[in-house]
$ cat input_12.pdb   # PDB, C-alpha atoms
ATOM      1  CA  MET J   1     -17.616  28.658-158.120
ATOM      2  CA  ILE J   2     -21.097  29.860-157.083
ATOM      3  CA  LYS J   3     -21.281  31.091-153.513
ATOM      4  CA  LEU J   4     -24.619  30.271-151.916
ATOM      5  CA  SER J   5     -26.195  32.744-149.554
ATOM      6  CA  THR J   6     -26.367  32.417-145.798
ATOM      7  CA  SER J   7     -29.291  33.224-143.510
ATOM      8  CA  ALA J   8     -27.557  36.411-142.426
ATOM      9  CA  GLU J   9     -27.251  37.568-146.038
ATOM     10  CA  LEU J  10     -30.917  36.902-146.752
ATOM     11  CA  SER J  11     -31.977  38.650-143.559
ATOM     12  CA  GLN J  12     -29.766  41.624-144.363
ATOM     13  CA  PHE J  13     -31.162  41.820-147.880
ATOM     14  CA  LEU J  14     -34.774  41.659-146.710
ATOM     15  CA  SER J  15     -34.279  44.333-144.082
ATOM     16  CA  SER J  16     -32.603  46.581-146.649
ATOM     17  CA  VAL J  17     -35.448  46.227-149.133
ATOM     18  CA  GLU J  18     -38.576  45.832-146.990
ATOM     19  CA  ARG J  19     -39.512  49.520-146.676
ATOM     20  CA  ARG J  20     -39.139  50.238-150.375
ATOM     21  CA  ALA J  21     -41.002  47.035-151.220
ATOM     22  CA  TYR J  22     -43.847  48.140-148.968
ATOM     23  CA  LYS J  23     -43.982  51.527-150.687
ATOM     24  CA  HIS J  24     -43.950  49.825-154.116
ATOM     25  CA  ALA J  25     -46.957  47.795-153.044
ATOM     26  CA  VAL J  26     -48.752  50.806-151.534
ATOM     27  CA  TYR J  27     -48.336  52.799-154.758
ATOM     28  CA  ALA J  28     -49.665  49.838-156.712
ATOM     29  CA  VAL J  29     -52.636  48.731-154.597
ATOM     30  CA  ARG J  30     -53.335  51.912-152.564
ATOM     31  CA  ASP J  31     -54.137  49.932-149.445
ATOM     32  CA  ASN J  32     -51.725  49.652-146.525
ATOM     33  CA  HIS J  33     -52.913  46.287-145.213
ATOM     34  CA  SER J  34     -52.931  44.651-148.627
ATOM     35  CA  ALA J  35     -49.477  46.109-149.276
ATOM     36  CA  LEU J  36     -48.168  44.480-146.093
ATOM     37  CA  ASP J  37     -49.671  41.143-147.150
ATOM     38  CA  ILE J  38     -48.054  41.443-150.561
ATOM     39  CA  VAL J  39     -44.622  42.184-149.102
ATOM     40  CA  GLN J  40     -44.941  39.276-146.677
ATOM     41  CA  ASP J  41     -45.935  36.916-149.498
ATOM     42  CA  ALA J  42     -43.022  38.081-151.631
ATOM     43  CA  MET J  43     -40.566  37.616-148.762
ATOM     44  CA  LEU J  44     -41.873  34.124-148.040
ATOM     45  CA  LYS J  45     -41.652  33.096-151.680
ATOM     46  CA  LEU J  46     -38.097  34.372-151.965
ATOM     47  CA  ALA J  47     -37.013  32.574-148.795
ATOM     48  CA  GLU J  48     -38.821  29.316-149.583
ATOM     49  CA  LYS J  49     -37.918  28.955-153.247
ATOM     50  CA  TYR J  50     -34.714  30.916-153.712
ATOM     51  CA  GLY J  51     -33.324  31.155-150.171
ATOM     52  CA  ASP J  52     -30.189  29.271-151.165
ATOM     53  CA  LYS J  53     -29.375  31.360-154.240
ATOM     54  CA  PRO J  54     -26.290  33.591-154.303
ATOM     55  CA  ALA J  55     -26.954  36.905-152.536
ATOM     56  CA  GLU J  56     -26.225  38.881-155.739
ATOM     57  CA  GLU J  57     -29.326  37.364-157.328
ATOM     58  CA  PHE J  58     -31.687  38.431-154.532
ATOM     59  CA  PRO J  59     -32.541  41.968-155.743
ATOM     60  CA  MET J  60     -33.757  40.893-159.161
ATOM     61  CA  LEU J  61     -35.476  37.742-157.927
ATOM     62  CA  PHE J  62     -37.246  39.669-155.200
ATOM     63  CA  GLN J  63     -38.408  42.437-157.516
ATOM     64  CA  ARG J  64     -39.770  39.877-159.945
ATOM     65  CA  ILE J  65     -41.611  38.033-157.171
ATOM     66  CA  LEU J  66     -42.946  41.317-155.775
ATOM     67  CA  GLN J  67     -44.283  42.456-159.144
ATOM     68  CA  ASN J  68     -45.884  39.051-159.758
ATOM     69  CA  THR J  69     -47.482  39.113-156.304
ATOM     70  CA  ILE J  70     -48.910  42.571-157.034
ATOM     71  CA  ARG J  71     -50.301  41.270-160.335
ATOM     72  CA  ASP J  72     -51.851  38.286-158.531
ATOM     73  CA  TYR J  73     -53.493  40.755-156.151
ATOM     74  CA  TYR J  74     -54.959  42.679-159.101
ATOM     75  CA  ARG J  75     -56.356  39.440-160.544
ATOM     76  CA  ARG J  76     -57.925  38.411-157.237
ATOM     77  CA  GLN J  77     -59.412  41.875-156.798
ATOM     78  CA  LYS J  78     -60.880  41.732-160.274
ATOM     79  CA  VAL J  79     -62.579  38.406-159.582
ATOM     80  CA  ARG J  80     -63.751  39.577-156.149
ATOM     81  CA  SER J  81     -65.138  42.873-157.440
ATOM     82  CA  SER J  82     -67.078  41.085-160.176
ATOM     83  CA  TRP J  83     -68.710  38.863-157.508
ATOM     84  CA  VAL J  84     -69.355  41.832-155.210
ATOM     85  CA  THR J  85     -70.969  43.749-158.077
ATOM     86  CA  LEU J  86     -73.138  40.767-158.832
ATOM     87  CA  PHE J  87     -74.299  40.345-155.210
ATOM     88  CA  SER J  88     -74.707  44.059-154.492
ATOM     89  CA  SER J  89     -76.983  44.421-157.499
ATOM     90  CA  LEU J  90     -79.221  41.783-155.916
ATOM     91  CA  GLN J  91     -79.347  43.416-152.449
ATOM     92  CA  PRO J  92     -81.091  46.667-151.349
ATOM     93  CA  LYS J  93     -78.776  49.584-150.514
ATOM     94  CA  HIS J  94     -78.384  50.971-146.957
ATOM     95  CA  ASP J  95     -75.709  53.591-147.464
ATOM     96  CA  GLU J  96     -77.044  55.978-144.820
ATOM     97  CA  GLU J  97     -76.946  53.335-142.080
ATOM     98  CA  GLU J  98     -73.477  52.074-142.887
ATOM     99  CA  PHE J  99     -71.746  55.429-142.942
ATOM    100  CA  ASP J 100     -69.853  56.284-139.788
ATOM    101  CA  PRO J 101     -67.622  59.395-139.717
ATOM    102  CA  LEU J 102     -65.448  57.746-137.052
ATOM    103  CA  ASP J 103     -64.354  55.150-139.602
ATOM    104  CA  ILE J 104     -62.844  57.871-141.734
ATOM    105  CA  LEU J 105     -61.172  59.410-138.702
ATOM    106  CA  GLU J 106     -59.717  56.040-137.710
ATOM    107  CA  ASN J 107     -58.432  55.351-141.177
ATOM    108  CA  SER J 108     -56.833  58.741-141.531
ATOM    109  CA  GLU J 109     -55.217  58.282-138.122
ATOM    110  CA  ASN J 110     -53.795  54.958-139.203
ATOM    111  CA  GLN J 111     -52.404  56.365-142.389
ATOM    112  CA  THR J 112     -50.652  59.365-140.927
ATOM    113  CA  SER J 113     -47.033  58.824-140.110
ATOM    114  CA  SER J 114     -45.274  59.804-136.933
ATOM    115  CA  PRO J 115     -43.904  63.319-137.170
ATOM    116  CA  ILE J 116     -40.192  63.748-137.708
ATOM    117  CA  PRO J 117     -39.138  67.105-136.264
ATOM    118  CA  GLU J 118     -36.228  67.840-138.593
ATOM    119  CA  GLU J 119     -38.226  67.153-141.699
ATOM    120  CA  SER J 120     -39.849  70.232-143.083
ATOM    121  CA  LEU J 121     -43.544  70.413-143.766
ATOM    122  CA  GLN J 122     -42.801  71.547-147.286
ATOM    123  CA  GLN J 123     -40.794  68.431-148.013
ATOM    124  CA  LYS J 124     -43.523  66.210-146.608
ATOM    125  CA  GLN J 125     -46.057  67.886-148.819
ATOM    126  CA  MET J 126     -43.783  67.485-151.810
ATOM    127  CA  ILE J 127     -43.338  63.773-151.071
ATOM    128  CA  ALA J 128     -47.093  63.377-150.712
ATOM    129  CA  LEU J 129     -47.679  65.037-154.076
ATOM    130  CA  ILE J 130     -45.018  62.912-155.760
ATOM    131  CA  GLU J 131     -46.591  59.790-154.279
ATOM    132  CA  GLN J 132     -50.004  60.851-155.537
ATOM    133  CA  ALA J 133     -48.547  61.446-158.996
ATOM    134  CA  LEU J 134     -46.874  58.025-158.885
ATOM    135  CA  GLU J 135     -50.116  56.321-157.900
ATOM    136  CA  LYS J 136     -51.835  57.879-160.891
ATOM    137  CA  LEU J 137     -49.289  56.505-163.354
ATOM    138  CA  PRO J 138     -50.245  53.426-165.380
ATOM    139  CA  ALA J 139     -49.050  50.290-163.570
ATOM    140  CA  ARG J 140     -46.341  49.344-166.056
ATOM    141  CA  GLN J 141     -44.935  52.879-166.213
ATOM    142  CA  ARG J 142     -44.804  53.116-162.425
ATOM    143  CA  GLU J 143     -43.208  49.677-162.199
ATOM    144  CA  ALA J 144     -40.511  50.578-164.746
ATOM    145  CA  PHE J 145     -39.823  53.970-163.170
ATOM    146  CA  LEU J 146     -39.478  52.578-159.631
ATOM    147  CA  LEU J 147     -37.344  49.606-160.602
ATOM    148  CA  ARG J 148     -35.080  51.616-162.841
ATOM    149  CA  TYR J 149     -34.600  54.788-160.827
ATOM    150  CA  TRP J 150     -35.428  53.829-157.250
ATOM    151  CA  GLU J 151     -34.198  50.255-157.072
ATOM    152  CA  GLY J 152     -31.286  51.107-159.342
ATOM    153  CA  LEU J 153     -31.710  48.137-161.669
ATOM    154  CA  ASP J 154     -30.281  48.568-165.157
ATOM    155  CA  THR J 155     -32.457  48.304-168.257
ATOM    156  CA  ALA J 156     -31.783  44.600-168.775
ATOM    157  CA  GLU J 157     -32.496  43.746-165.140
ATOM    158  CA  THR J 158     -35.667  45.832-165.156
ATOM    159  CA  ALA J 159     -36.787  44.065-168.321
ATOM    160  CA  ALA J 160     -36.142  40.688-166.705
ATOM    161  CA  ALA J 161     -38.013  41.690-163.540
ATOM    162  CA  MET J 162     -40.962  43.006-165.532
ATOM    163  CA  GLY J 163     -40.966  40.176-168.059
ATOM    164  CA  CYS J 164     -40.720  42.477-171.096
ATOM    165  CA  THR J 165     -38.112  43.736-173.561
ATOM    166  CA  GLU J 166     -35.503  46.397-172.852
ATOM    167  CA  GLY J 167     -37.154  48.598-175.473
ATOM    168  CA  SER J 168     -40.442  48.454-173.576
ATOM    169  CA  VAL J 169     -38.651  49.401-170.357
ATOM    170  CA  LYS J 170     -37.136  52.476-172.028
ATOM    171  CA  THR J 171     -40.519  53.494-173.420
ATOM    172  CA  HIS J 172     -42.268  52.999-170.068
ATOM    173  CA  CYS J 173     -39.558  54.964-168.233
ATOM    174  CA  SER J 174     -39.639  57.828-170.709
ATOM    175  CA  ARG J 175     -43.422  58.076-170.536
ATOM    176  CA  ALA J 176     -43.362  57.843-166.754
ATOM    177  CA  VAL J 177     -40.841  60.704-166.486
ATOM    178  CA  HIS J 178     -42.943  62.829-168.872
ATOM    179  CA  ALA J 179     -46.158  62.081-167.002
ATOM    180  CA  LEU J 180     -44.612  62.712-163.583
ATOM    181  CA  ALA J 181     -43.020  65.956-164.683
ATOM    182  CA  ALA J 182     -46.305  67.156-166.185
ATOM    183  CA  SER J 183     -48.240  66.147-163.083
ATOM    184  CA  LEU J 184     -45.812  67.890-160.721
ATOM    185  CA  LYS J 185     -45.672  70.989-162.902
ATOM    186  CA  ALA J 186     -49.452  71.190-162.871
ATOM    187  CA  LYS J 187     -49.260  71.274-159.059
ATOM    188  CA  GLY J 188     -46.590  73.972-159.201
ATOM    189  CA  ILE J 189     -43.843  71.735-157.862
ATOM    190  CA  GLU J 190     -40.224  72.167-158.823
ATOM    191  CA  LEU J 191     -37.698  69.778-157.391
ATOM    192  CA  PRO J 192     -34.700  71.483-155.752
TER     193      PRO J 192
ATOM    194  CA  MET H   1     -50.801  71.994-180.690
ATOM    195  CA  THR H   2     -47.158  72.072-179.569
ATOM    196  CA  ASN H   3     -46.018  70.739-176.241
ATOM    197  CA  LYS H   4     -43.694  73.305-174.689
ATOM    198  CA  PHE H   5     -43.185  71.229-171.565
ATOM    199  CA  ASP H   6     -39.613  70.115-170.940
ATOM    200  CA  PRO H   7     -39.455  66.770-169.155
ATOM    201  CA  GLY H   8     -35.680  67.066-168.918
ATOM    202  CA  LYS H   9     -36.177  69.300-165.878
ATOM    203  CA  LEU H  10     -37.392  66.354-163.836
ATOM    204  CA  ASP H  11     -34.469  64.468-162.422
ATOM    205  CA  PRO H  12     -35.584  60.906-161.595
ATOM    206  CA  LYS H  13     -32.757  60.645-159.071
ATOM    207  CA  LYS H  14     -34.210  63.526-157.061
ATOM    208  CA  VAL H  15     -37.605  61.846-157.110
ATOM    209  CA  ALA H  16     -35.935  58.636-155.938
ATOM    210  CA  GLN H  17     -34.201  60.515-153.085
ATOM    211  CA  LEU H  18     -37.516  61.938-151.917
ATOM    212  CA  LEU H  19     -39.124  58.512-152.127
ATOM    213  CA  THR H  20     -36.317  57.094-150.001
ATOM    214  CA  GLN H  21     -36.997  59.830-147.447
ATOM    215  CA  SER H  22     -40.648  58.835-147.466
ATOM    216  CA  THR H  23     -39.669  55.351-146.276
ATOM    217  CA  ARG H  24     -38.307  56.975-143.099
ATOM    218  CA  GLN H  25     -41.759  58.304-142.317
ATOM    219  CA  LEU H  26     -43.311  54.864-141.910
ATOM    220  CA  ASP H  27     -45.127  54.405-138.625
ATOM    221  CA  ASP H  28     -44.052  51.964-135.932
ATOM    222  CA  ALA H  29     -46.913  49.531-136.570
ATOM    223  CA  THR H  30     -45.908  49.152-140.225
ATOM    224  CA  LEU H  31     -42.234  48.740-139.368
ATOM    225  CA  SER H  32     -43.115  46.126-136.785
ATOM    226  CA  ALA H  33     -45.309  44.269-139.293
ATOM    227  CA  LEU H  34     -42.489  44.340-141.837
ATOM    228  CA  GLY H  35     -40.078  43.008-139.217
ATOM    229  CA  ASN H  36     -42.452  40.158-138.403
ATOM    230  CA  ALA H  37     -42.859  39.366-142.085
ATOM    231  CA  ARG H  38     -39.079  39.172-142.425
ATOM    232  CA  GLN H  39     -38.778  36.881-139.417
ATOM    233  CA  ASN H  40     -41.478  34.579-140.797
ATOM    234  CA  ALA H  41     -39.709  34.466-144.147
ATOM    235  CA  MET H  42     -36.392  33.661-142.496
ATOM    236  CA  LYS H  43     -37.951  30.650-140.793
ATOM    237  CA  LYS H  44     -38.890  29.271-144.202
ATOM    238  CA  GLN H  45     -35.540  29.844-145.844
ATOM    239  CA  LEU H  46     -34.602  27.075-148.202
ATOM    240  CA  VAL H  47     -31.274  25.556-147.237
ATOM    241  CA  ARG H  48     -29.950  22.714-149.338
ATOM    242  CA  ALA H  49     -27.388  20.893-147.224
ATOM    243  CA  PRO H  50     -24.586  19.172-149.153
ATOM    244  CA  PHE H  51     -25.250  15.453-149.613
ATOM    245  CA  PHE H  52     -22.388  13.828-147.773
ATOM    246  CA  ALA H  53     -20.564  16.843-146.417
ATOM    247  CA  PRO H  54     -19.933  17.041-142.695
ATOM    248  CA  THR H  55     -22.466  18.970-140.671
ATOM    249  CA  PRO H  56     -21.178  21.423-138.081
ATOM    250  CA  ALA H  57     -22.557  19.097-135.380
ATOM    251  CA  SER H  58     -20.834  15.971-136.735
ATOM    252  CA  LEU H  59     -17.471  17.707-136.687
ATOM    253  CA  HIS H  60     -17.629  17.946-132.911
ATOM    254  CA  THR H  61     -18.790  14.407-132.214
ATOM    255  CA  SER H  62     -16.471  11.581-131.286
ATOM    256  CA  ALA H  63     -18.001   9.225-133.887
ATOM    257  CA  GLY H  64     -15.084   9.848-136.221
ATOM    258  CA  TRP H  65     -14.916   9.872-140.032
ATOM    259  CA  THR H  66     -17.739   7.381-140.596
ATOM    260  CA  ALA H  67     -20.227   9.685-138.918
ATOM    261  CA  ARG H  68     -18.984  12.621-140.980
ATOM    262  CA  LEU H  69     -19.496  10.770-144.250
ATOM    263  CA  LEU H  70     -23.058   9.720-143.488
ATOM    264  CA  PRO H  71     -25.859  11.705-145.076
ATOM    265  CA  HIS H  72     -27.765  13.779-142.489
ATOM    266  CA  SER H  73     -31.390  13.602-143.597
ATOM    267  CA  ALA H  74     -33.846  10.810-144.378
ATOM    268  CA  GLN H  75     -33.997  11.440-148.133
ATOM    269  CA  PRO H  76     -30.350  10.595-148.906
ATOM    270  CA  TRP H  77     -30.666   7.504-146.678
ATOM    271  CA  ILE H  78     -33.616   6.251-148.732
ATOM    272  CA  ALA H  79     -31.817   6.970-152.007
ATOM    273  CA  ALA H  80     -28.690   5.195-150.803
ATOM    274  CA  GLY H  81     -30.785   2.199-149.642
ATOM    275  CA  LEU H  82     -32.557   1.901-152.982
ATOM    276  CA  LEU H  83     -29.245   2.072-154.814
ATOM    277  CA  ALA H  84     -27.828  -0.697-152.606
ATOM    278  CA  VAL H  85     -30.878  -2.916-153.232
ATOM    279  CA  LEU H  86     -30.621  -2.388-157.014
ATOM    280  CA  LEU H  87     -26.906  -3.197-156.960
ATOM    281  CA  GLY H  88     -27.622  -6.358-154.927
ATOM    282  CA  ILE H  89     -30.308  -7.519-157.371
ATOM    283  CA  GLY H  90     -28.005  -6.812-160.348
ATOM    284  CA  ALA H  91     -25.100  -8.730-158.805
ATOM    285  CA  GLY H  92     -27.361 -11.701-157.924
ATOM    286  CA  TYR H  93     -28.809 -11.876-161.423
ATOM    287  CA  TRP H  94     -25.346 -11.708-163.010
ATOM    288  CA  GLN H  95     -24.116 -14.529-160.719
ATOM    289  CA  HIS H  96     -27.168 -16.634-161.537
ATOM    290  CA  LEU H  97     -26.551 -16.227-165.292
ATOM    291  CA  GLU H  98     -22.899 -17.250-164.904
ATOM    292  CA  GLU H  99     -23.810 -20.342-162.877
ATOM    293  CA  GLN H 100     -26.392 -21.301-165.485
ATOM    294  CA  GLN H 101     -23.789 -21.074-168.263
ATOM    295  CA  ILE H 102     -21.348 -23.216-166.255
ATOM    296  CA  ASP H 103     -24.095 -25.820-165.646
ATOM    297  CA  GLU H 104     -24.875 -25.977-169.365
ATOM    298  CA  LEU H 105     -21.183 -26.448-170.131
ATOM    299  CA  ASP H 106     -20.890 -29.212-167.528
ATOM    300  CA  VAL H 107     -23.866 -31.028-169.058
ATOM    301  CA  ALA H 108     -22.354 -30.616-172.527
ATOM    302  CA  ILE H 109     -19.024 -32.052-171.329
ATOM    303  CA  LEU H 110     -20.731 -35.032-169.683
ATOM    304  CA  THR H 111     -22.844 -35.831-172.717
ATOM    305  CA  ASP H 112     -19.906 -35.229-175.049
ATOM    306  CA  GLU H 113     -21.866 -32.696-177.013
ATOM    307  CA  LEU H 114     -19.507 -29.771-176.797
ATOM    308  CA  PRO H 115     -20.134 -27.135-179.459
ATOM    309  CA  ILE H 116     -17.354 -26.334-181.958
ATOM    310  CA  GLU H 117     -16.899 -22.814-180.469
ATOM    311  CA  VAL H 118     -15.341 -24.381-177.343
ATOM    312  CA  PHE H 119     -12.425 -25.639-179.375
ATOM    313  CA  VAL H 120     -11.953 -22.554-181.491
ATOM    314  CA  ASP H 121      -9.712 -19.909-179.955
TER     315      ASP H 121
END
$ encode --input "input_12.pdb" --output "structure tokens"
Amino acid sequence: MIKLSTSAELSQFLSSVERRAYKHAVYAVRDNHSALDIVQDAMLKLAEKYGDKPAEEFPMLFQRILQNTIRDYYRRQKVRSSWVTLFSSLQPKHDEEEFDPLDILENSENQTSSPIPEESLQQKQMIALIEQALEKLPARQREAFLLRYWEGLDTAETAAAMGCTEGSVKTHCSRAVHALAASLKAKGIELP
Amino acid sequence: MTNKFDPGKLDPKKVAQLLTQSTRQLDDATLSALGNARQNAMKKQLVRAPFFAPTPASLHTSAGWTARLLPHSAQPWIAAGLLAVLLGIGAGYWQHLEEQQIDELDVAILTDELPIEVFVD
């Protein structure tokens, strides 16, 4: 007999996954505010459409929704950027007037995290470099790597979440590991 | 050109551990926004209540078993009403057909024009 999930189970699942989901989105779209919007959309879709599903199905459903929401974001950005390019080509440029160094300062302040005393500076730097390397990976490789090794989905589940074959998942993962290792080695990083 | 690089040295699990640590560095504003997003999602959770099962509220009322067996949203009420109307129409039509057949038989008896099937068993 299928056991349907309760509100407590859904809430527990969302709180367990929200930080990683946010990071997934940040690596994919490289914008903190958009990443928050994406995570919120994914949570809403899961709750609205699949909120009564058994709790065991949540991880895969959520990852699939999250990846689709990220793809939707890419599509919207593509359309928007094509319109912006069109309009900006018609308008005169005022780059000097629009530049304000305080904007950069504000943004960098927003992006820095609160310091954690026990965490070493070296480790923070290592994490930052790994995140940079992840952001540079092709989208599908990053997706496969994160789902497989961070979310702990098996090959079949990853394939289902990504909407591709298990063979493709293996290829993407292998390439991602190669690319990450090469990128980290180039920066002189060796994981302990 | 040969590639001397050994990717086997990179342990994905170690990368994953570091990524998990990075989630602990999120600032308060982000954590608060994520919490709000979760709360909003929880408000929209889809809950399909069983059709005729007792609700927790009905179990504590003094209305008894009838109240417990009643559906607790408008949709099942409408469906049940439509079903009742269809059943009523079906029963009425069936009764009308039967009465019509009896009338025809009565007329046949009176006019002494009974068909041969009436006498054949």
$ resolve_selection --input "input_12.pdb" --expression "the ChimeraX specification (/H :<7) & /J" --output "NGL selection string"
:J and (11 or 14 or 18-20 or 40 or 43-44 or 47-52 or 113-114 or 127 or 149-150 or 177-178 or 181)
$ residues_around --input "input_12.pdb" --residues "Leu180 of chain J" --least-positions-apart "2" --cutoff "10 Å" --atoms "all atoms listed in the file" --output "PyMOL selection string"
(chain J and resi 130-134+136-137+142+145+174-178+182-186) or (chain H and resi 7+10+12+15)
$ atom_distance --input "input_12.pdb" --atom1 "atom CA of Ala42 of chain J" --atom2 "atom CA of Ser168 of chain J"
24.4 Å
$ residues_around --input "input_12.pdb" --residues "segment 31-39 of chain J" --least-positions-apart "4" --cutoff "7 Å" --atoms "only C-alpha atoms" --output "ChimeraX atom specification"
/J:21-22,25-26,43,66,69-70
$ residues_around --input "input_12.pdb" --residues "Phe13 of chain J" --least-positions-apart "5" --cutoff "10 Å" --atoms "all atoms listed in the file" --output "list in words"
Ser7, Ala8, Glu18, Ala55, Glu56, Phe58, Pro59 and Phe62 of chain J; Arg38 of chain H
$ closest_residue --input "input_12.pdb" --among "J:Glu135, J:Asp41, J:Glu166, J:Asp154" --to "Asn68 of chain J" --atoms "only C-alpha atoms"
J:Asp41
$ atom_distance --input "input_12.pdb" --atom1 "atom CA of Ala161 of chain J" --atom2 "atom CA of Glu57 of chain J"
11.5 Å
$ atom_distance --input "input_12.pdb" --atom1 "atom CA of Leu97 of chain H" --atom2 "atom CA of Gly81 of chain H"
24.5 Å
$ closest_residue --input "input_12.pdb" --among "J:Lys187, J:Arg80, J:Arg140, J:Arg75" --to "Ala128 of chain J" --atoms "only C-alpha atoms"
J:Lys187
$ decode --input "input_12.pdb" --residues "segment 12-36 of chain H" --atoms "C-alpha atoms" --output "PDB file, in the first residue's frame"
ATOM      1  CA  PRO H  12      34.074  13.302  -6.077  1.00  0.00           C
ATOM      2  CA  LYS H  13      33.028  12.496  -2.515  1.00  0.00           C
ATOM      3  CA  LYS H  14      35.611  14.927  -1.147  1.00  0.00           C
ATOM      4  CA  VAL H  15      34.350  17.598  -3.520  1.00  0.00           C
ATOM      5  CA  ALA H  16      30.813  16.857  -2.335  1.00  0.00           C
ATOM      6  CA  GLN H  17      31.911  17.184   1.322  1.00  0.00           C
ATOM      7  CA  LEU H  18      33.435  20.586   0.630  1.00  0.00           C
ATOM      8  CA  LEU H  19      30.308  21.674  -1.215  1.00  0.00           C
ATOM      9  CA  THR H  20      28.212  20.620   1.769  1.00  0.00           C
ATOM     10  CA  GLN H  21      30.465  22.744   3.980  1.00  0.00           C
ATOM     11  CA  SER H  22      29.895  25.657   1.633  1.00  0.00           C
ATOM     12  CA  THR H  23      26.162  25.476   2.372  1.00  0.00           C
ATOM     13  CA  ARG H  24      26.989  26.288   6.011  1.00  0.00           C
ATOM     14  CA  GLN H  25      28.510  29.571   4.917  1.00  0.00           C
ATOM     15  CA  LEU H  26      25.246  30.977   3.585  1.00  0.00           C
ATOM     16  CA  ASP H  27      24.365  34.366   5.012  1.00  0.00           C
ATOM     17  CA  ASP H  28      21.351  35.020   7.215  1.00  0.00           C
ATOM     18  CA  ALA H  29      19.412  36.894   4.525  1.00  0.00           C
ATOM     19  CA  THR H  30      19.633  33.920   2.154  1.00  0.00           C
ATOM     20  CA  LEU H  31      18.668  31.446   4.864  1.00  0.00           C
ATOM     21  CA  SER H  32      15.719  33.611   5.810  1.00  0.00           C
ATOM     22  CA  ALA H  33      14.626  33.859   2.163  1.00  0.00           C
ATOM     23  CA  LEU H  34      14.877  30.085   1.814  1.00  0.00           C
ATOM     24  CA  GLY H  35      12.814  29.646   4.977  1.00  0.00           C
ATOM     25  CA  ASN H  36      10.135  31.970   3.617  1.00  0.00           C
TER      26      ASN H  36
END
